[in-house]
Amino acid sequence: MLSLFKSNPTKKLEKRYSELLEQAMQAQRKGDIRTYSMLTAEAEEVHEQIKALDAQKSQ
């Protein structure tokens, strides 16, 4: 029952991942490829963290 009130780190990371991809898309549309690349790389790091957490849960 108490697990109901625990925060879900995966959910936070998924939200951050989505925000980074949105920012990257906006940067690409503006022609700022350097910022697009940096944001995409950061989003990929967050995605790797999400996959690691999911792998931990499945064990």
# chains A, B, ... in the order shown; residues from 1 in each chain; ligands from 1

$ residues_around --residues "Tyr17 (chain A)" --least-positions-apart "2" --cutoff "12 Å" --atoms "only C-alpha atoms" --output "ChimeraX atom specification"
/A:10-15,19-24,39-51

$ atom_distance --atom1 "CA of Lys30 (chain A)" --atom2 "CA of Arg16 (chain A)"
21.2 Å

$ atom_distance --atom1 "CA of Lys6 (chain A)" --atom2 "CA of Ser18 (chain A)"
22.0 Å

$ select_by_dssp --residues "chain A" --states "alpha helix (DSSP H)" --output "ChimeraX atom specification"
/A:9-30,33-58

$ write_last_selection --atoms "N, CA and C atoms" --output "short mmCIF file (atom, residue, chain, number, x, y, z; two decimals), in the first residue's frame"
data_model
loop_
_atom_site.label_atom_id
_atom_site.label_comp_id
_atom_site.auth_asym_id
_atom_site.auth_seq_id
_atom_site.Cartn_x
_atom_site.Cartn_y
_atom_site.Cartn_z
N PRO A 9 10.71 7.04 -10.71
CA PRO A 9 11.80 7.71 -11.43
C PRO A 9 11.71 7.51 -12.94
N THR A 10 11.15 6.40 -13.38
CA THR A 10 11.03 6.16 -14.82
C THR A 10 10.09 7.17 -15.46
N LYS A 11 9.03 7.48 -14.78
CA LYS A 11 8.06 8.44 -15.31
C LYS A 11 8.70 9.83 -15.46
N LYS A 12 9.50 10.22 -14.49
CA LYS A 12 10.19 11.52 -14.56
C LYS A 12 11.17 11.54 -15.73
N LEU A 13 11.90 10.43 -15.90
CA LEU A 13 12.88 10.37 -16.98
C LEU A 13 12.19 10.37 -18.35
N GLU A 14 11.05 9.69 -18.45
CA GLU A 14 10.32 9.69 -19.71
C GLU A 14 9.82 11.09 -20.06
N LYS A 15 9.40 11.83 -19.05
CA LYS A 15 8.95 13.21 -19.28
C LYS A 15 10.12 14.07 -19.75
N ARG A 16 11.28 13.91 -19.10
CA ARG A 16 12.47 14.66 -19.48
C ARG A 16 12.90 14.30 -20.91
N TYR A 17 12.83 13.02 -21.25
CA TYR A 17 13.18 12.55 -22.58
C TYR A 17 12.29 13.20 -23.63
N SER A 18 11.01 13.24 -23.36
CA SER A 18 10.05 13.85 -24.28
C SER A 18 10.31 15.35 -24.44
N GLU A 19 10.61 16.02 -23.33
CA GLU A 19 10.89 17.46 -23.39
C GLU A 19 12.15 17.74 -24.21
N LEU A 20 13.18 16.92 -24.03
CA LEU A 20 14.42 17.11 -24.78
C LEU A 20 14.21 16.91 -26.27
N LEU A 21 13.43 15.90 -26.62
CA LEU A 21 13.16 15.67 -28.04
C LEU A 21 12.37 16.82 -28.65
N GLU A 22 11.44 17.36 -27.89
CA GLU A 22 10.66 18.51 -28.36
C GLU A 22 11.56 19.73 -28.57
N GLN A 23 12.44 19.98 -27.62
CA GLN A 23 13.37 21.11 -27.75
C GLN A 23 14.31 20.90 -28.94
N ALA A 24 14.75 19.67 -29.13
CA ALA A 24 15.64 19.36 -30.25
C ALA A 24 14.94 19.60 -31.58
N MET A 25 13.68 19.21 -31.65
CA MET A 25 12.92 19.42 -32.88
C MET A 25 12.78 20.92 -33.18
N GLN A 26 12.50 21.71 -32.14
CA GLN A 26 12.36 23.15 -32.33
C GLN A 26 13.68 23.77 -32.78
N ALA A 27 14.78 23.31 -32.21
CA ALA A 27 16.09 23.81 -32.62
C ALA A 27 16.38 23.46 -34.07
N GLN A 28 16.02 22.26 -34.47
CA GLN A 28 16.26 21.83 -35.85
C GLN A 28 15.43 22.68 -36.81
N ARG A 29 14.21 22.97 -36.44
CA ARG A 29 13.36 23.80 -37.29
C ARG A 29 13.91 25.21 -37.46
N LYS A 30 14.57 25.70 -36.42
CA LYS A 30 15.16 27.04 -36.48
C LYS A 30 16.50 27.03 -37.22
N ILE A 33 21.58 23.52 -35.79
CA ILE A 33 21.93 22.10 -35.81
C ILE A 33 22.82 21.72 -34.63
N ARG A 34 23.66 22.63 -34.18
CA ARG A 34 24.55 22.34 -33.05
C ARG A 34 23.71 22.06 -31.78
N THR A 35 22.74 22.92 -31.51
CA THR A 35 21.88 22.72 -30.34
C THR A 35 21.05 21.46 -30.50
N TYR A 36 20.57 21.22 -31.71
CA TYR A 36 19.82 20.00 -32.00
C TYR A 36 20.65 18.76 -31.65
N SER A 37 21.90 18.77 -32.06
CA SER A 37 22.78 17.63 -31.80
C SER A 37 23.02 17.43 -30.30
N MET A 38 23.24 18.53 -29.59
CA MET A 38 23.49 18.44 -28.15
C MET A 38 22.25 17.92 -27.42
N LEU A 39 21.08 18.42 -27.78
CA LEU A 39 19.85 18.00 -27.13
C LEU A 39 19.52 16.54 -27.45
N THR A 40 19.78 16.14 -28.67
CA THR A 40 19.53 14.76 -29.06
C THR A 40 20.46 13.82 -28.30
N ALA A 41 21.72 14.20 -28.14
CA ALA A 41 22.67 13.38 -27.39
C ALA A 41 22.23 13.26 -25.93
N GLU A 42 21.79 14.35 -25.35
CA GLU A 42 21.32 14.33 -23.97
C GLU A 42 20.07 13.45 -23.84
N ALA A 43 19.19 13.53 -24.83
CA ALA A 43 17.98 12.71 -24.82
C ALA A 43 18.35 11.23 -24.89
N GLU A 44 19.35 10.89 -25.67
CA GLU A 44 19.78 9.50 -25.77
C GLU A 44 20.35 8.99 -24.45
N GLU A 45 21.06 9.86 -23.71
CA GLU A 45 21.57 9.47 -22.39
C GLU A 45 20.41 9.18 -21.44
N VAL A 46 19.39 10.02 -21.48
CA VAL A 46 18.22 9.81 -20.63
C VAL A 46 17.52 8.51 -21.02
N HIS A 47 17.45 8.24 -22.32
CA HIS A 47 16.83 7.01 -22.80
C HIS A 47 17.59 5.78 -22.28
N GLU A 48 18.89 5.86 -22.25
CA GLU A 48 19.70 4.75 -21.73
C GLU A 48 19.41 4.54 -20.24
N GLN A 49 19.22 5.62 -19.49
CA GLN A 49 18.88 5.51 -18.08
C GLN A 49 17.52 4.83 -17.91
N ILE A 50 16.58 5.18 -18.76
CA ILE A 50 15.26 4.57 -18.70
C ILE A 50 15.36 3.07 -18.96
N LYS A 51 16.15 2.68 -19.97
CA LYS A 51 16.30 1.27 -20.28
C LYS A 51 16.97 0.53 -19.13
N ALA A 52 17.93 1.17 -18.48
CA ALA A 52 18.61 0.53 -17.34
C ALA A 52 17.63 0.33 -16.18
N LEU A 53 16.79 1.30 -15.90
CA LEU A 53 15.80 1.16 -14.84
C LEU A 53 14.79 0.06 -15.16
N ASP A 54 14.37 -0.02 -16.41
CA ASP A 54 13.43 -1.06 -16.82
C ASP A 54 14.06 -2.44 -16.69
N ALA A 55 15.33 -2.54 -17.01
CA ALA A 55 16.03 -3.82 -16.88
C ALA A 55 16.15 -4.22 -15.41
N GLN A 56 16.36 -3.24 -14.55
CA GLN A 56 16.44 -3.52 -13.12
C GLN A 56 15.10 -4.03 -12.58
N LYS A 57 14.02 -3.42 -13.04
CA LYS A 57 12.70 -3.82 -12.57
C LYS A 57 12.34 -5.24 -13.00
N SER A 58 12.79 -5.63 -14.17
CA SER A 58 12.42 -6.94 -14.71
C SER A 58 13.18 -8.08 -14.04
#

$ decode --residues "region 18-41 of chain A" --atoms "N, CA, C and O atoms" --output "compact mmCIF listing (two decimals), in the first residue's frame"
# COMPACT_ATOMS: atom_id res chain seq x y z
N SER A 18 11.01 13.24 -23.36
CA SER A 18 10.05 13.85 -24.28
C SER A 18 10.31 15.35 -24.44
O SER A 18 10.27 15.88 -25.55
N GLU A 19 10.61 16.02 -23.33
CA GLU A 19 10.89 17.46 -23.39
C GLU A 19 12.15 17.74 -24.21
O GLU A 19 12.18 18.69 -25.00
N LEU A 20 13.18 16.92 -24.03
CA LEU A 20 14.42 17.11 -24.78
C LEU A 20 14.21 16.91 -26.27
O LEU A 20 14.75 17.67 -27.09
N LEU A 21 13.43 15.90 -26.62
CA LEU A 21 13.16 15.67 -28.04
C LEU A 21 12.37 16.82 -28.65
O LEU A 21 12.62 17.22 -29.80
N GLU A 22 11.44 17.36 -27.89
CA GLU A 22 10.66 18.51 -28.36
C GLU A 22 11.56 19.73 -28.57
O GLU A 22 11.47 20.40 -29.60
N GLN A 23 12.44 19.98 -27.62
CA GLN A 23 13.37 21.11 -27.75
C GLN A 23 14.31 20.90 -28.94
O GLN A 23 14.63 21.85 -29.66
N ALA A 24 14.75 19.67 -29.13
CA ALA A 24 15.64 19.36 -30.25
C ALA A 24 14.94 19.60 -31.58
O ALA A 24 15.52 20.17 -32.51
N MET A 25 13.68 19.21 -31.65
CA MET A 25 12.92 19.42 -32.88
C MET A 25 12.78 20.92 -33.18
O MET A 25 12.94 21.35 -34.32
N GLN A 26 12.50 21.71 -32.14
CA GLN A 26 12.36 23.15 -32.33
C GLN A 26 13.68 23.77 -32.78
O GLN A 26 13.70 24.65 -33.65
N ALA A 27 14.78 23.31 -32.21
CA ALA A 27 16.09 23.81 -32.62
C ALA A 27 16.38 23.46 -34.07
O ALA A 27 16.92 24.28 -34.83
N GLN A 28 16.02 22.26 -34.47
CA GLN A 28 16.26 21.83 -35.85
C GLN A 28 15.43 22.68 -36.81
O GLN A 28 15.91 23.08 -37.87
N ARG A 29 14.21 22.97 -36.44
CA ARG A 29 13.36 23.80 -37.29
C ARG A 29 13.91 25.21 -37.46
O ARG A 29 13.72 25.83 -38.50
N LYS A 30 14.57 25.70 -36.42
CA LYS A 30 15.16 27.04 -36.48
C LYS A 30 16.50 27.03 -37.22
O LYS A 30 17.07 28.09 -37.47
N GLY A 31 17.01 25.85 -37.53
CA GLY A 31 18.27 25.76 -38.25
C GLY A 31 19.49 25.69 -37.34
O GLY A 31 20.62 25.80 -37.80
N ASP A 32 19.27 25.53 -36.04
CA ASP A 32 20.37 25.46 -35.08
C ASP A 32 20.76 24.00 -34.88
O ASP A 32 20.35 23.34 -33.93
N ILE A 33 21.58 23.52 -35.79
CA ILE A 33 21.93 22.10 -35.81
C ILE A 33 22.82 21.72 -34.63
O ILE A 33 22.73 20.62 -34.09
N ARG A 34 23.66 22.63 -34.18
CA ARG A 34 24.55 22.34 -33.05
C ARG A 34 23.71 22.06 -31.78
O ARG A 34 23.93 21.08 -31.09
N THR A 35 22.74 22.92 -31.51
CA THR A 35 21.88 22.72 -30.34
C THR A 35 21.05 21.46 -30.50
O THR A 35 20.85 20.71 -29.55
N TYR A 36 20.57 21.22 -31.71
CA TYR A 36 19.82 20.00 -32.00
C TYR A 36 20.65 18.76 -31.65
O TYR A 36 20.16 17.84 -31.00
N SER A 37 21.90 18.77 -32.06
CA SER A 37 22.78 17.63 -31.80
C SER A 37 23.02 17.43 -30.30
O SER A 37 22.99 16.31 -29.80
N MET A 38 23.24 18.53 -29.59
CA MET A 38 23.49 18.44 -28.15
C MET A 38 22.25 17.92 -27.42
O MET A 38 22.36 17.07 -26.53
N LEU A 39 21.08 18.42 -27.78
CA LEU A 39 19.85 18.00 -27.13
C LEU A 39 19.52 16.54 -27.45
O LEU A 39 19.06 15.79 -26.58
N THR A 40 19.78 16.14 -28.67
CA THR A 40 19.53 14.76 -29.06
C THR A 40 20.46 13.82 -28.30
O THR A 40 20.03 12.76 -27.83
N ALA A 41 21.72 14.20 -28.14
CA ALA A 41 22.67 13.38 -27.39
C ALA A 41 22.23 13.26 -25.93
O ALA A 41 22.30 12.17 -25.33
